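*Asks:* My questions will all concern the structure given below.
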Amino acid sequence: MELNKYLNKRVQIILGNGFTYIGLVIATDDNSITLIDKTNSKVCIKESSIDFIKEVNR
């Protein structure tokens with residue numbers, strides 16, 4: 001999965017366990033993505049946990 005294409009974009013992420021995050025991507029590396037979620041918390045998610053990711057407008 002090419003996580004770096006989401007850098008500085010607002011995304012919705014659905015994890016394998018059904019949990020959903022929406023936030024602004026602030027960093028990516030080879031196997032994880034870091035975002036600021038809707039509660040203004042910094043969240044780091046491993047690529048292997050991501051079931052679905054898409055860019056959202058708001």
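Scheme for the structure tokens: letters A, B, ... for chains in order shown; per-chain residue numbers from 1; ligand numbers from 1 in order shown.
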List as a PyMOL selection string the protein and nucleic acid residues near range 22-38 of chain A, meaning an atom at most 7 Å away when only C-alpha atoms are counted, but skip any in the same chain fewer than 6 places from it.

*Replies:* chain A and resi 3-4+6-13+44-47

*Asks:* If you run DSSP over the backbone, which residues in chain A end up strand (DSSP E)? Put them as a count of residues only.

*Replies:* 32

*Asks:* Check chain A with DSSP on the backbone and list each residue it calls helix (DSSP H, G or I), as a ChimeraX atom specification.

*Replies:* /A:3-6,47-49

*Asks:* Store the residues picked out above, limited to C-alpha atoms, as a CSV table (one decimal), in the first residue's frame.

*Replies:*
```csv
chain,number,residue,atom,x,y,z
A,3,LEU,CA,0.8,5.3,2.3
A,4,ASN,CA,3.0,8.3,1.3
A,5,LYS,CA,0.4,9.5,-1.2
A,6,TYR,CA,-1.8,10.4,1.7
A,47,GLU,CA,0.0,-0.7,7.6
A,48,SER,CA,-0.8,-4.3,8.5
A,49,SER,CA,-3.7,-3.1,10.7
```

*Asks:* In Å to one decimal, how far is CA of Val43 in chain A from CA of Ile14 in chain A?

*Replies:* 13.3 Å

*Asks:* Work out how far CA of Ser41 in chain A is from CA of Ile53 in chain A, in Å to one decimal.

*Replies:*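 CA of Ser41 in chain A lies at a distance of 18.5 Å from CA of Ile53 in chain A.
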